[in-house]
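> My structure is stored as my_file_35.pdb, with PDB, C-alpha atoms.
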ATOM      1  CA  MET A   1     220.525 153.404 105.749
ATOM      2  CA  LEU A   2     222.466 155.635 103.382
ATOM      3  CA  THR A   3     221.876 159.360 103.837
ATOM      4  CA  SER A   4     223.881 160.558 100.828
ATOM      5  CA  LEU A   5     224.458 159.213  97.334
ATOM      6  CA  PRO A   6     227.779 157.324  97.318
ATOM      7  CA  PRO A   7     230.315 158.706  94.816
ATOM      8  CA  ALA A   8     230.689 155.386  92.959
ATOM      9  CA  VAL A   9     226.909 155.114  92.520
ATOM     10  CA  LYS A  10     226.746 158.717  91.328
ATOM     11  CA  ALA A  11     229.443 157.943  88.759
ATOM     12  CA  ALA A  12     227.572 154.831  87.613
ATOM     13  CA  ALA A  13     224.323 156.793  87.285
ATOM     14  CA  GLN A  14     226.086 159.428  85.207
ATOM     15  CA  SER A  15     227.384 156.680  82.923
ATOM     16  CA  HIS A  16     223.861 155.305  82.397
ATOM     17  CA  LEU A  17     222.379 158.756  81.905
ATOM     18  CA  GLY A  18     225.120 160.105  79.681
ATOM     19  CA  SER A  19     224.999 163.365  81.620
ATOM     20  CA  ARG A  20     226.590 164.869  84.706
ATOM     21  CA  VAL A  21     224.489 164.766  87.868
ATOM     22  CA  THR A  22     224.060 168.363  88.994
ATOM     23  CA  GLU A  23     221.639 167.975  91.905
ATOM     24  CA  VAL A  24     220.903 165.257  94.482
ATOM     25  CA  SER A  25     218.213 165.106  97.169
ATOM     26  CA  ARG A  26     217.115 162.304  99.470
ATOM     27  CA  LEU A  27     213.604 160.918  98.971
ATOM     28  CA  SER A  28     211.491 159.796 101.914
ATOM     29  CA  GLY A  29     210.272 156.245 102.453
ATOM     30  CA  GLY A  30     211.891 152.955 101.630
ATOM     31  CA  ASP A  31     212.247 150.189 104.226
ATOM     32  CA  ILE A  32     214.952 148.218 102.451
ATOM     33  CA  SER A  33     216.773 150.731 100.237
ATOM     34  CA  ALA A  34     217.631 154.420 100.065
ATOM     35  CA  ALA A  35     216.269 156.531  97.207
ATOM     36  CA  PHE A  36     217.542 159.814  95.784
ATOM     37  CA  ARG A  37     216.180 162.248  93.232
ATOM     38  CA  VAL A  38     218.905 163.387  90.864
ATOM     39  CA  VAL A  39     218.954 165.990  88.122
ATOM     40  CA  ALA A  40     221.081 165.202  85.075
ATOM     41  CA  GLY A  41     220.960 167.027  81.770
ATOM     42  CA  HIS A  42     217.368 168.160  81.272
ATOM     43  CA  GLY A  43     215.771 165.330  83.231
ATOM     44  CA  GLN A  44     214.999 164.112  86.729
ATOM     45  CA  PHE A  45     215.666 160.555  87.825
ATOM     46  CA  VAL A  46     215.467 158.277  90.854
ATOM     47  CA  VAL A  47     218.500 156.324  92.035
ATOM     48  CA  LYS A  48     217.790 153.523  94.508
ATOM     49  CA  VAL A  49     220.731 152.114  96.482
ATOM     50  CA  ARG A  50     221.202 149.285  98.946
ATOM     51  CA  PRO A  51     224.124 147.163 100.169
ATOM     52  CA  GLU A  52     224.528 144.042  98.073
ATOM     53  CA  GLN A  53     223.479 141.006 100.103
ATOM     54  CA  ALA A  54     224.728 137.469  99.546
ATOM     55  CA  ASP A  55     221.271 135.964 100.141
ATOM     56  CA  HIS A  56     219.466 138.205  97.643
ATOM     57  CA  PRO A  57     221.989 139.577  95.152
ATOM     58  CA  ALA A  58     219.519 140.259  92.350
ATOM     59  CA  LEU A  59     216.846 142.364  94.051
ATOM     60  CA  PHE A  60     217.100 145.392  91.740
ATOM     61  CA  HIS A  61     217.453 143.151  88.703
ATOM     62  CA  ALA A  62     214.156 141.508  89.672
ATOM     63  CA  GLU A  63     212.537 144.910  90.219
ATOM     64  CA  ALA A  64     213.652 146.047  86.766
ATOM     65  CA  LEU A  65     212.211 142.885  85.189
ATOM     66  CA  GLY A  66     208.937 143.393  87.067
ATOM     67  CA  LEU A  67     208.613 146.985  85.888
ATOM     68  CA  HIS A  68     209.318 145.851  82.333
ATOM     69  CA  LEU A  69     206.723 143.061  82.593
ATOM     70  CA  LEU A  70     204.056 145.486  83.818
ATOM     71  CA  GLY A  71     205.082 148.200  81.364
ATOM     72  CA  GLN A  72     204.685 145.864  78.381
ATOM     73  CA  GLN A  73     201.006 145.420  79.248
ATOM     74  CA  LEU A  74     200.143 149.066  79.847
ATOM     75  CA  VAL A  75     198.298 149.409  76.557
ATOM     76  CA  GLY A  76     194.695 150.238  75.775
ATOM     77  CA  GLU A  77     192.670 150.891  78.918
ATOM     78  CA  ALA A  78     195.634 149.866  81.071
ATOM     79  CA  ARG A  79     197.419 153.043  79.943
ATOM     80  CA  ALA A  80     195.441 154.769  82.684
ATOM     81  CA  VAL A  81     198.356 153.761  84.922
ATOM     82  CA  VAL A  82     202.101 154.116  84.417
ATOM     83  CA  VAL A  83     205.285 152.567  85.769
ATOM     84  CA  PRO A  84     208.758 154.123  86.017
ATOM     85  CA  GLN A  85     211.045 153.493  83.062
ATOM     86  CA  VAL A  86     214.270 151.756  84.018
ATOM     87  CA  VAL A  87     217.440 153.468  82.779
ATOM     88  CA  GLY A  88     219.947 151.006  84.227
ATOM     89  CA  TYR A  89     221.056 148.980  87.222
ATOM     90  CA  GLY A  90     224.175 147.272  88.488
ATOM     91  CA  LEU A  91     226.810 147.173  91.210
ATOM     92  CA  ALA A  92     229.197 149.879  92.404
ATOM     93  CA  ALA A  93     231.964 149.971  94.975
ATOM     94  CA  GLY A  94     230.728 150.991  98.389
ATOM     95  CA  GLY A  95     233.978 152.204  99.846
ATOM     96  CA  THR A  96     236.010 151.031 102.819
ATOM     97  CA  GLY A  97     234.108 148.578 105.019
ATOM     98  CA  VAL A  98     230.926 148.856 102.962
ATOM     99  CA  GLY A  99     231.374 146.328 100.159
ATOM    100  CA  GLN A 100     229.439 146.509  96.941
ATOM    101  CA  LEU A 101     226.304 148.579  96.513
ATOM    102  CA  ALA A 102     223.427 147.619  94.252
ATOM    103  CA  TYR A 103     221.711 150.479  92.445
ATOM    104  CA  LEU A 104     218.767 151.066  90.133
ATOM    105  CA  VAL A 105     218.220 154.175  87.992
ATOM    106  CA  MET A 106     214.696 155.114  86.814
ATOM    107  CA  ASN A 107     212.912 158.159  85.529
ATOM    108  CA  PHE A 108     211.416 160.424  88.200
ATOM    109  CA  LEU A 109     207.618 160.750  88.194
ATOM    110  CA  GLU A 110     206.542 164.233  89.230
ATOM    111  CA  PRO A 111     203.941 164.050  92.040
ATOM    112  CA  ALA A 112     200.414 165.283  91.404
ATOM    113  CA  PRO A 113     197.298 165.599  93.587
ATOM    114  CA  GLU A 114     195.295 162.479  94.395
ATOM    115  CA  THR A 115     192.062 163.646  92.791
ATOM    116  CA  PRO A 116     188.859 161.596  92.506
ATOM    117  CA  GLN A 117     189.529 161.353  88.775
ATOM    118  CA  ALA A 118     193.019 159.959  89.425
ATOM    119  CA  GLN A 119     191.647 157.423  91.916
ATOM    120  CA  GLU A 120     189.099 156.219  89.373
ATOM    121  CA  ALA A 121     191.800 156.019  86.710
ATOM    122  CA  LEU A 122     193.853 153.830  89.048
ATOM    123  CA  GLY A 123     190.935 151.440  89.518
ATOM    124  CA  ARG A 124     190.217 151.196  85.805
ATOM    125  CA  GLY A 125     193.875 150.819  84.885
ATOM    126  CA  LEU A 126     194.431 148.073  87.447
ATOM    127  CA  ALA A 127     191.346 146.242  86.187
ATOM    128  CA  ALA A 128     192.691 146.381  82.636
ATOM    129  CA  LEU A 129     196.079 145.138  83.791
ATOM    130  CA  HIS A 130     194.416 142.198  85.539
ATOM    131  CA  ARG A 131     192.736 141.216  82.272
ATOM    132  CA  THR A 132     196.201 140.258  81.003
ATOM    133  CA  ALA A 133     195.986 136.484  81.321
ATOM    134  CA  GLY A 134     198.905 134.091  81.488
ATOM    135  CA  PRO A 135     199.119 130.420  80.452
ATOM    136  CA  GLN A 136     199.611 129.322  84.077
ATOM    137  CA  PHE A 137     200.075 130.698  87.565
ATOM    138  CA  GLY A 138     203.633 131.859  88.058
ATOM    139  CA  GLY A 139     205.891 131.139  85.124
ATOM    140  CA  THR A 140     207.798 134.437  85.370
ATOM    141  CA  PRO A 141     211.312 135.172  86.688
ATOM    142  CA  ASP A 142     211.740 134.745  90.435
ATOM    143  CA  ASN A 143     211.620 137.978  92.427
ATOM    144  CA  PHE A 144     211.151 139.295  95.962
ATOM    145  CA  MET A 145     208.524 140.243  98.511
ATOM    146  CA  GLY A 146     210.317 143.047 100.282
ATOM    147  CA  PHE A 147     213.795 141.563 100.599
ATOM    148  CA  LEU A 148     212.586 137.951 100.888
ATOM    149  CA  PRO A 149     213.042 135.786  97.776
ATOM    150  CA  GLN A 150     209.896 134.431  96.153
ATOM    151  CA  LYS A 151     209.881 131.812  93.422
ATOM    152  CA  ASN A 152     207.366 131.810  90.583
ATOM    153  CA  PRO A 153     207.311 128.277  89.145
ATOM    154  CA  PRO A 154     204.690 127.548  86.472
ATOM    155  CA  THR A 155     201.776 126.003  88.359
ATOM    156  CA  PRO A 156     198.404 124.769  87.063
ATOM    157  CA  THR A 157     196.106 126.077  89.823
ATOM    158  CA  ALA A 158     195.849 129.154  92.006
ATOM    159  CA  ALA A 159     195.518 127.038  95.163
ATOM    160  CA  GLU A 160     198.659 125.030  94.435
ATOM    161  CA  PHE A 161     200.635 128.156  93.545
ATOM    162  CA  PHE A 162     199.457 130.016  96.653
ATOM    163  CA  TRP A 163     200.450 127.178  98.936
ATOM    164  CA  ALA A 164     203.653 125.883  97.350
ATOM    165  CA  ALA A 165     205.148 129.145  96.054
ATOM    166  CA  ARG A 166     203.867 131.587  98.667
ATOM    167  CA  LEU A 167     202.726 130.208 102.027
ATOM    168  CA  ALA A 168     204.973 127.159 102.402
ATOM    169  CA  PRO A 169     208.317 129.007 102.005
ATOM    170  CA  GLN A 170     207.254 131.714 104.457
ATOM    171  CA  LEU A 171     205.983 129.144 106.955
ATOM    172  CA  LYS A 172     209.360 127.420 106.826
ATOM    173  CA  ARG A 173     211.049 130.742 107.653
ATOM    174  CA  ALA A 174     208.552 131.500 110.421
ATOM    175  CA  GLN A 175     208.944 128.283 112.445
ATOM    176  CA  ASP A 176     210.405 130.088 115.454
ATOM    177  CA  HIS A 177     207.535 132.595 115.526
ATOM    178  CA  LEU A 178     204.575 130.235 115.193
ATOM    179  CA  SER A 179     202.987 127.895 117.706
ATOM    180  CA  ALA A 180     202.084 124.272 117.067
ATOM    181  CA  GLU A 181     198.438 125.348 116.936
ATOM    182  CA  ASP A 182     199.243 127.984 114.283
ATOM    183  CA  LEU A 183     200.955 125.362 112.146
ATOM    184  CA  ARG A 184     198.039 122.931 112.529
ATOM    185  CA  ASN A 185     195.633 125.662 111.457
ATOM    186  CA  PHE A 186     197.711 126.389 108.362
ATOM    187  CA  GLU A 187     197.758 122.682 107.461
ATOM    188  CA  ALA A 188     193.988 122.467 107.877
ATOM    189  CA  LEU A 189     193.581 125.537 105.670
ATOM    190  CA  ARG A 190     195.810 123.940 103.045
ATOM    191  CA  GLU A 191     193.280 121.133 102.594
ATOM    192  CA  ARG A 192     190.478 123.642 102.022
ATOM    193  CA  LEU A 193     192.280 125.971  99.603
ATOM    194  CA  PRO A 194     190.998 124.456  96.326
ATOM    195  CA  GLY A 195     187.415 124.980  97.466
ATOM    196  CA  LEU A 196     187.962 128.485  98.825
ATOM    197  CA  ILE A 197     189.552 130.108  95.767
ATOM    198  CA  PRO A 198     187.167 130.937  92.907
ATOM    199  CA  PRO A 199     188.362 129.665  89.515
ATOM    200  CA  GLU A 200     189.780 132.419  87.309
ATOM    201  CA  ALA A 201     192.424 132.699  84.631
ATOM    202  CA  PRO A 202     195.917 133.610  85.889
ATOM    203  CA  ALA A 203     196.109 137.423  85.965
ATOM    204  CA  LEU A 204     199.143 139.652  85.745
ATOM    205  CA  VAL A 205     199.407 141.112  89.248
ATOM    206  CA  HIS A 206     201.616 143.740  90.821
ATOM    207  CA  GLY A 207     202.114 141.386  93.757
ATOM    208  CA  ASP A 208     202.920 143.929  96.496
ATOM    209  CA  LEU A 209     200.175 146.476  95.973
ATOM    210  CA  TRP A 210     199.901 148.339  99.265
ATOM    211  CA  ARG A 211     199.298 152.095  99.344
ATOM    212  CA  GLY A 212     202.990 152.927  99.519
ATOM    213  CA  ASN A 213     203.537 151.334  96.110
ATOM    214  CA  MET A 214     200.974 153.578  94.416
ATOM    215  CA  LEU A 215     201.900 157.101  93.360
ATOM    216  CA  PHE A 216     199.778 159.872  91.915
ATOM    217  CA  THR A 217     201.843 161.673  89.305
ATOM    218  CA  ALA A 218     201.619 164.195  86.501
ATOM    219  CA  LEU A 219     201.561 161.279  84.032
ATOM    220  CA  GLY A 220     198.780 159.478  85.899
ATOM    221  CA  PRO A 221     198.571 157.005  88.796
ATOM    222  CA  ALA A 222     201.754 154.940  88.943
ATOM    223  CA  LEU A 223     202.689 151.501  90.250
ATOM    224  CA  ILE A 224     206.158 151.057  91.741
ATOM    225  CA  ASP A 225     208.221 148.325  93.478
ATOM    226  CA  PRO A 226     206.415 145.349  91.920
ATOM    227  CA  ALA A 227     206.671 141.686  92.835
ATOM    228  CA  ALA A 228     204.932 140.855  89.572
ATOM    229  CA  THR A 229     203.841 137.463  88.283
ATOM    230  CA  TYR A 230     200.694 135.691  87.104
ATOM    231  CA  SER A 231     198.460 134.910  90.052
ATOM    232  CA  HIS A 232     194.875 135.303  91.236
ATOM    233  CA  ARG A 233     193.869 138.954  90.930
ATOM    234  CA  GLU A 234     192.399 138.957  94.447
ATOM    235  CA  VAL A 235     196.028 138.997  95.644
ATOM    236  CA  ASP A 236     196.278 142.673  94.662
ATOM    237  CA  LEU A 237     192.791 143.658  95.789
ATOM    238  CA  SER A 238     193.280 142.064  99.214
ATOM    239  CA  LEU A 239     196.644 143.687  99.859
ATOM    240  CA  MET A 240     195.122 147.046  98.938
ATOM    241  CA  ARG A 241     192.816 146.483 101.925
ATOM    242  CA  LEU A 242     195.456 145.213 104.368
ATOM    243  CA  PHE A 243     197.187 148.418 105.446
ATOM    244  CA  GLY A 244     194.479 150.871 104.382
ATOM    245  CA  GLY A 245     194.881 154.208 102.665
ATOM    246  CA  VAL A 246     193.302 153.227  99.342
ATOM    247  CA  SER A 247     190.177 155.203  98.437
ATOM    248  CA  GLU A 248     186.867 153.421  97.942
ATOM    249  CA  ARG A 249     186.722 155.193  94.578
ATOM    250  CA  VAL A 250     189.563 152.951  93.414
ATOM    251  CA  PHE A 251     187.664 149.784  94.339
ATOM    252  CA  ALA A 252     184.411 151.070  92.853
ATOM    253  CA  ALA A 253     186.042 151.972  89.537
ATOM    254  CA  TYR A 254     187.777 148.591  89.475
ATOM    255  CA  ALA A 255     184.539 146.704  90.157
ATOM    256  CA  GLU A 256     182.722 148.602  87.428
ATOM    257  CA  ALA A 257     185.433 147.748  84.892
ATOM    258  CA  PHE A 258     186.135 144.136  85.959
ATOM    259  CA  PRO A 259     183.819 142.854  88.719
ATOM    260  CA  PRO A 260     185.587 140.535  91.186
ATOM    261  CA  ALA A 261     184.039 137.192  92.102
ATOM    262  CA  GLU A 262     181.340 137.376  94.749
ATOM    263  CA  GLY A 263     182.657 137.409  98.297
ATOM    264  CA  TRP A 264     186.198 138.560  97.485
ATOM    265  CA  GLU A 265     186.351 140.817 100.535
ATOM    266  CA  GLN A 266     185.648 137.817 102.806
ATOM    267  CA  ARG A 267     188.648 136.107 101.181
ATOM    268  CA  ALA A 268     190.978 139.063 101.771
ATOM    269  CA  ASP A 269     192.231 137.573 105.050
ATOM    270  CA  LEU A 270     193.110 134.386 103.198
ATOM    271  CA  TRP A 271     195.254 136.117 100.574
ATOM    272  CA  ASN A 272     196.801 138.458 103.141
ATOM    273  CA  LEU A 273     198.270 135.550 105.068
ATOM    274  CA  TYR A 274     201.186 135.738 102.650
ATOM    275  CA  PRO A 275     202.176 139.405 103.117
ATOM    276  CA  LEU A 276     201.579 139.087 106.859
ATOM    277  CA  LEU A 277     203.880 136.062 107.034
ATOM    278  CA  ALA A 278     206.458 137.969 105.019
ATOM    279  CA  HIS A 279     206.208 140.941 107.389
ATOM    280  CA  LEU A 280     206.541 138.595 110.372
ATOM    281  CA  ASN A 281     209.718 137.173 108.851
ATOM    282  CA  MET A 282     211.143 140.575 107.912
ATOM    283  CA  PHE A 283     210.153 142.691 110.889
ATOM    284  CA  GLY A 284     209.388 140.356 113.785
ATOM    285  CA  ASP A 285     206.640 139.428 116.198
ATOM    286  CA  ARG A 286     204.775 142.727 116.083
ATOM    287  CA  TYR A 287     202.919 141.194 113.100
ATOM    288  CA  LEU A 288     202.147 137.899 114.853
ATOM    289  CA  GLY A 289     198.811 138.953 116.370
ATOM    290  CA  ARG A 290     197.554 140.303 113.070
ATOM    291  CA  LEU A 291     198.648 137.134 111.277
ATOM    292  CA  GLN A 292     196.864 134.934 113.811
ATOM    293  CA  ALA A 293     193.687 137.015 113.487
ATOM    294  CA  ALA A 294     193.791 136.676 109.689
ATOM    295  CA  LEU A 295     194.421 132.941 109.997
ATOM    296  CA  HIS A 296     191.417 132.589 112.302
ATOM    297  CA  ALA A 297     189.208 134.555 109.874
ATOM    298  CA  ALA A 298     190.462 132.616 106.845
ATOM    299  CA  SER A 299     189.890 129.317 108.629
ATOM    300  CA  ASN A 300     186.267 130.284 109.234
ATOM    301  CA  ILE A 301     185.347 131.237 105.687
ATOM    302  CA  ILE A 302     182.093 129.506 104.849
ATOM    303  CA  ILE A 303     181.868 128.162 101.312
TER     304      ILE A 303
END
So, in terms of structure tokens, how does the structure I just supplied come out?

Amino acid sequence: MLTSLPPAVKAAAQSHLGSRVTEVSRLSGGDISAAFRVVAGHGQFVVKVRPEQADHPALFHAEALGLHLLGQQLVGEARAVVVPQVVGYGLAAGGTGVGQLAYLVMNFLEPAPETPQAQEALGRGLAALHRTAGPQFGGTPDNFMGFLPQKNPPTPTAAEFFWAARLAPQLKRAQDHLSAEDLRNFEALRERLPGLIPPEAPALVHGDLWRGNMLFTALGPALIDPAATYSHREVDLSLMRLFGGVSERVFAAYAEAFPPAEGWEQRADLWNLYPLLAHLNMFGDRYLGRLQAALHAASNIII
């Protein structure tokens, strides 16, 4: 992981910003890229950097498109939340032995306290965002879950989209991690999916909405690092439960503004099979036990 902003990326950022970078500091977090706060002119910005990879060369391009897609819909009640504004992105020379570096430049969102009012604003804003309906599930540019590619083909039903565009590709990647029994259980679940998922219009979802992708800022609660498309809105709600850290005030404000279908929390294990499979494929067998537990719970949902 990069510990300092490479000179070629700094020069590229200056070109996008039209100002000389006068200050650079490393930001914490980030499993798949390094992030830096830079000061240029009278503003503060974030520069994300990662080595360009042959198997996913458009990761920051996809992130920029996702932020734009979400940002277009942050009107009316959805303005309770914000997303970073993209300044530019591209490739820069990495130096000897490094190859090309991908970078993304965005405005910096000044942190603010996570107050009860901000938590409630997050819930209401997310509910308003989810009211943005699409003509079908998927149907947006392909993007990534973490660093794993995910395709978003236009699909008529939530069950078909969840299986064909989400679970099936991850299961193919996870063959060496899963037992024959695991694979049989997934196939059995596949047959039940249409009856398990409540019918709803395709909703615009963040797609990777764990606590680390929510910020509380001076401009309001913010959503970052999206994997956005049109899907079932329980995708976001369930992932908010998966790793914890999200206040019950957020869920209560959401439910007041846009009540989820009855029993959504019992379906959380079903939806979270996808991020758990992705984590298994990205980070290894330490996620296998949790995946198997979620698979067992999802397989025992009573309709």
> What's around segment 195-197 of chain A at 12 Å? Count only C-alpha atoms, leave out sequence neighbours fewer than 5 positions away in its own chain, and write the answer as a ChimeraX atom specification.
/A:157-163,189-190,231-235,261-264,266-271,298-303
> Keeping C-alpha atoms for every residue in the selection just given, could you write it to a file as a tab-separated table (two decimals), in the coordinates of the input?

chain	number	residue	atom	x	y	z
A	157	THR	CA	196.11	126.08	89.82
A	158	ALA	CA	195.85	129.15	92.01
A	159	ALA	CA	195.52	127.04	95.16
A	160	GLU	CA	198.66	125.03	94.44
A	161	PHE	CA	200.64	128.16	93.54
A	162	PHE	CA	199.46	130.02	96.65
A	163	TRP	CA	200.45	127.18	98.94
A	189	LEU	CA	193.58	125.54	105.67
A	190	ARG	CA	195.81	123.94	103.04
A	231	SER	CA	198.46	134.91	90.05
A	232	HIS	CA	194.88	135.30	91.24
A	233	ARG	CA	193.87	138.95	90.93
A	234	GLU	CA	192.40	138.96	94.45
A	235	VAL	CA	196.03	139.00	95.64
A	261	ALA	CA	184.04	137.19	92.10
A	262	GLU	CA	181.34	137.38	94.75
A	263	GLY	CA	182.66	137.41	98.30
A	264	TRP	CA	186.20	138.56	97.48
A	266	GLN	CA	185.65	137.82	102.81
A	267	ARG	CA	188.65	136.11	101.18
A	268	ALA	CA	190.98	139.06	101.77
A	269	ASP	CA	192.23	137.57	105.05
A	270	LEU	CA	193.11	134.39	103.20
A	271	TRP	CA	195.25	136.12	100.57
A	298	ALA	CA	190.46	132.62	106.84
A	299	SER	CA	189.89	129.32	108.63
A	300	ASN	CA	186.27	130.28	109.23
A	301	ILE	CA	185.35	131.24	105.69
A	302	ILE	CA	182.09	129.51	104.85
A	303	ILE	CA	181.87	128.16	101.31
> Under the rule that all atoms listed in the file are counted, which of A:Val83, A:Leu148, A:Ala64, A:Leu104 is the nearest residue to Leu126 of chain A?
A:Val83
> Exactly which residues make up the result of the PyMOL selection byres ((chain A and resi 20) around 7) on this file, given as a ChimeraX atom specification?
/A:14,19,21-22,40-41
> Smallest atom-to-atom distance to Lys151 of chain A: which of A:Thr229, A:Gln100, A:Gln119, A:Ser179, using all atoms listed in the file?
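Checking each candidate against Lys151 of chain A, we get A:Thr229 as the closest.
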> Neighbourhood query: residues within 8 Å of (219.1, 159.6, 103.1), file coordinates, counting all atoms listed in the file; return as a PyMOL selection string.
chain A and resi 1-5+26-28+34-36
> With a distance cut-off of 7 Å and all atoms listed in the file, select the neighbouring residues of Glu63 of chain A, excluding the residue or stretch itself and same-chain residues fewer than 4 positions from it, and output the selection as a list in words.
Leu59, Leu67, Asp225 and Pro226 of chain A
> Go through the shown structure with the PyMOL selection byres ((chain A and resi 143) around 10) and write out the matching residues as an mmCIF file with C-alpha atoms, keeping the file's coordinate frame.

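To be explicit, this is the file written out as selection05.cif:
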data_model
loop_
_atom_site.group_PDB
_atom_site.id
_atom_site.type_symbol
_atom_site.label_atom_id
_atom_site.label_comp_id
_atom_site.auth_asym_id
_atom_site.auth_seq_id
_atom_site.Cartn_x
_atom_site.Cartn_y
_atom_site.Cartn_z
ATOM 1 C CA HIS A 56 219.466 138.205 97.643
ATOM 2 C CA ALA A 58 219.519 140.259 92.350
ATOM 3 C CA LEU A 59 216.846 142.364 94.051
ATOM 4 C CA PHE A 60 217.100 145.392 91.740
ATOM 5 C CA HIS A 61 217.453 143.151 88.703
ATOM 6 C CA ALA A 62 214.156 141.508 89.672
ATOM 7 C CA GLU A 63 212.537 144.910 90.219
ATOM 8 C CA LEU A 65 212.211 142.885 85.189
ATOM 9 C CA GLY A 66 208.937 143.393 87.067
ATOM 10 C CA THR A 140 207.798 134.437 85.370
ATOM 11 C CA PRO A 141 211.312 135.172 86.688
ATOM 12 C CA ASP A 142 211.740 134.745 90.435
ATOM 13 C CA PHE A 144 211.151 139.295 95.962
ATOM 14 C CA MET A 145 208.524 140.243 98.511
ATOM 15 C CA GLY A 146 210.317 143.047 100.282
ATOM 16 C CA PHE A 147 213.795 141.563 100.599
ATOM 17 C CA LEU A 148 212.586 137.951 100.888
ATOM 18 C CA PRO A 149 213.042 135.786 97.776
ATOM 19 C CA GLN A 150 209.896 134.431 96.153
ATOM 20 C CA LYS A 151 209.881 131.812 93.422
ATOM 21 C CA ASN A 152 207.366 131.810 90.583
ATOM 22 C CA PRO A 226 206.415 145.349 91.920
ATOM 23 C CA ALA A 227 206.671 141.686 92.835
ATOM 24 C CA ALA A 228 204.932 140.855 89.572
ATOM 25 C CA THR A 229 203.841 137.463 88.283
#
> For segment 184-198 of chain A, take all atoms listed in the file, fit an axis-aligned box around them, add 4 Å to each of the six sides, then output centre and edge lengths in Å rounded to one decimal, as JSON.

{"center_x": 192.6, "center_y": 126.0, "center_z": 102.7, "size_x": 18.9, "size_y": 17.8, "size_z": 27.6}
> On this structure, which residues satisfy the PyMOL selection byres ((chain A and resi 113-116) around 9), written as a list in words?
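When the PyMOL selection byres ((chain A and resi 113-116) around 9) is applied to the shown file, the picked residues are Pro111, Ala112, Gln117, Ala118, Gln119, Glu120, Ala121, Leu215, Phe216, Thr217, Ala218, Pro221, Ser247, Arg249 and Val250 of chain A.
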> Pick out the residues sitting within 10 Å of Gln292 of chain A, and hand them over as a list in words; count all atoms listed in the file, and ignore anything fewer than 6 positions along from it in its own chain.
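Residues meeting the cut-off are Leu178, Asp182, Asn185, Leu273, Leu276, Leu277 and Ala298 of chain A.
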> Would you export the selected residues with C-alpha atoms as an mmCIF file, in the frame of the given file, please?

data_model
loop_
_atom_site.group_PDB
_atom_site.id
_atom_site.type_symbol
_atom_site.label_atom_id
_atom_site.label_comp_id
_atom_site.auth_asym_id
_atom_site.auth_seq_id
_atom_site.Cartn_x
_atom_site.Cartn_y
_atom_site.Cartn_z
ATOM 1 C CA LEU A 178 204.575 130.235 115.193
ATOM 2 C CA ASP A 182 199.243 127.984 114.283
ATOM 3 C CA ASN A 185 195.633 125.662 111.457
ATOM 4 C CA LEU A 273 198.270 135.550 105.068
ATOM 5 C CA LEU A 276 201.579 139.087 106.859
ATOM 6 C CA LEU A 277 203.880 136.062 107.034
ATOM 7 C CA ALA A 298 190.462 132.616 106.845
#
> Counting all atoms listed in the file, which residues sit no farther than 9 Å from the position (193.9, 133.2, 86.0) in the file's frame? I'd like them as a compact mmCIF listing (two decimals) with C-alpha atoms, in the coordinates of the input.

# COMPACT_ATOMS: atom_id res chain seq x y z
CA ARG A 131 192.74 141.22 82.27
CA THR A 132 196.20 140.26 81.00
CA ALA A 133 195.99 136.48 81.32
CA GLY A 134 198.90 134.09 81.49
CA PRO A 135 199.12 130.42 80.45
CA GLN A 136 199.61 129.32 84.08
CA PHE A 137 200.08 130.70 87.56
CA THR A 157 196.11 126.08 89.82
CA ALA A 158 195.85 129.15 92.01
CA PRO A 199 188.36 129.66 89.52
CA GLU A 200 189.78 132.42 87.31
CA ALA A 201 192.42 132.70 84.63
CA PRO A 202 195.92 133.61 85.89
CA ALA A 203 196.11 137.42 85.96
CA LEU A 204 199.14 139.65 85.74
CA TYR A 230 200.69 135.69 87.10
CA SER A 231 198.46 134.91 90.05
CA HIS A 232 194.88 135.30 91.24
CA ARG A 233 193.87 138.95 90.93
> Using C-alpha atoms, give me segment 130-153 of chain A from the structure I just pasted, as a PDB file, in the first residue's frame.

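Wrote result_16.pdb, looks like this:
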ATOM      1  CA  HIS A 130     -34.544   4.069  -2.422  1.00  0.00           C
ATOM      2  CA  ARG A 131     -37.773   5.575  -3.749  1.00  0.00           C
ATOM      3  CA  THR A 132     -35.903   6.225  -7.007  1.00  0.00           C
ATOM      4  CA  ALA A 133     -37.287   3.398  -9.124  1.00  0.00           C
ATOM      5  CA  GLY A 134     -35.710   1.971 -12.246  1.00  0.00           C
ATOM      6  CA  PRO A 135     -37.339   0.242 -15.238  1.00  0.00           C
ATOM      7  CA  GLN A 136     -35.654  -3.073 -14.367  1.00  0.00           C
ATOM      8  CA  PHE A 137     -33.164  -4.606 -11.973  1.00  0.00           C
ATOM      9  CA  GLY A 138     -29.638  -3.775 -13.033  1.00  0.00           C
ATOM     10  CA  GLY A 139     -29.431  -1.893 -16.295  1.00  0.00           C
ATOM     11  CA  THR A 140     -26.586   0.390 -15.168  1.00  0.00           C
ATOM     12  CA  PRO A 141     -22.866   0.330 -16.052  1.00  0.00           C
ATOM     13  CA  ASP A 142     -20.934  -2.624 -14.654  1.00  0.00           C
ATOM     14  CA  ASN A 143     -18.943  -1.873 -11.506  1.00  0.00           C
ATOM     15  CA  PHE A 144     -17.208  -3.584  -8.588  1.00  0.00           C
ATOM     16  CA  MET A 145     -17.810  -5.074  -5.166  1.00  0.00           C
ATOM     17  CA  GLY A 146     -14.527  -4.243  -3.507  1.00  0.00           C
ATOM     18  CA  PHE A 147     -12.100  -5.098  -6.296  1.00  0.00           C
ATOM     19  CA  LEU A 148     -14.245  -7.903  -7.751  1.00  0.00           C
ATOM     20  CA  PRO A 149     -16.099  -7.078 -10.985  1.00  0.00           C
ATOM     21  CA  GLN A 150     -19.887  -7.178 -10.864  1.00  0.00           C
ATOM     22  CA  LYS A 151     -22.109  -6.990 -13.922  1.00  0.00           C
ATOM     23  CA  ASN A 152     -25.462  -5.218 -13.925  1.00  0.00           C
ATOM     24  CA  PRO A 153     -27.446  -6.593 -16.879  1.00  0.00           C
TER      25      PRO A 153
END
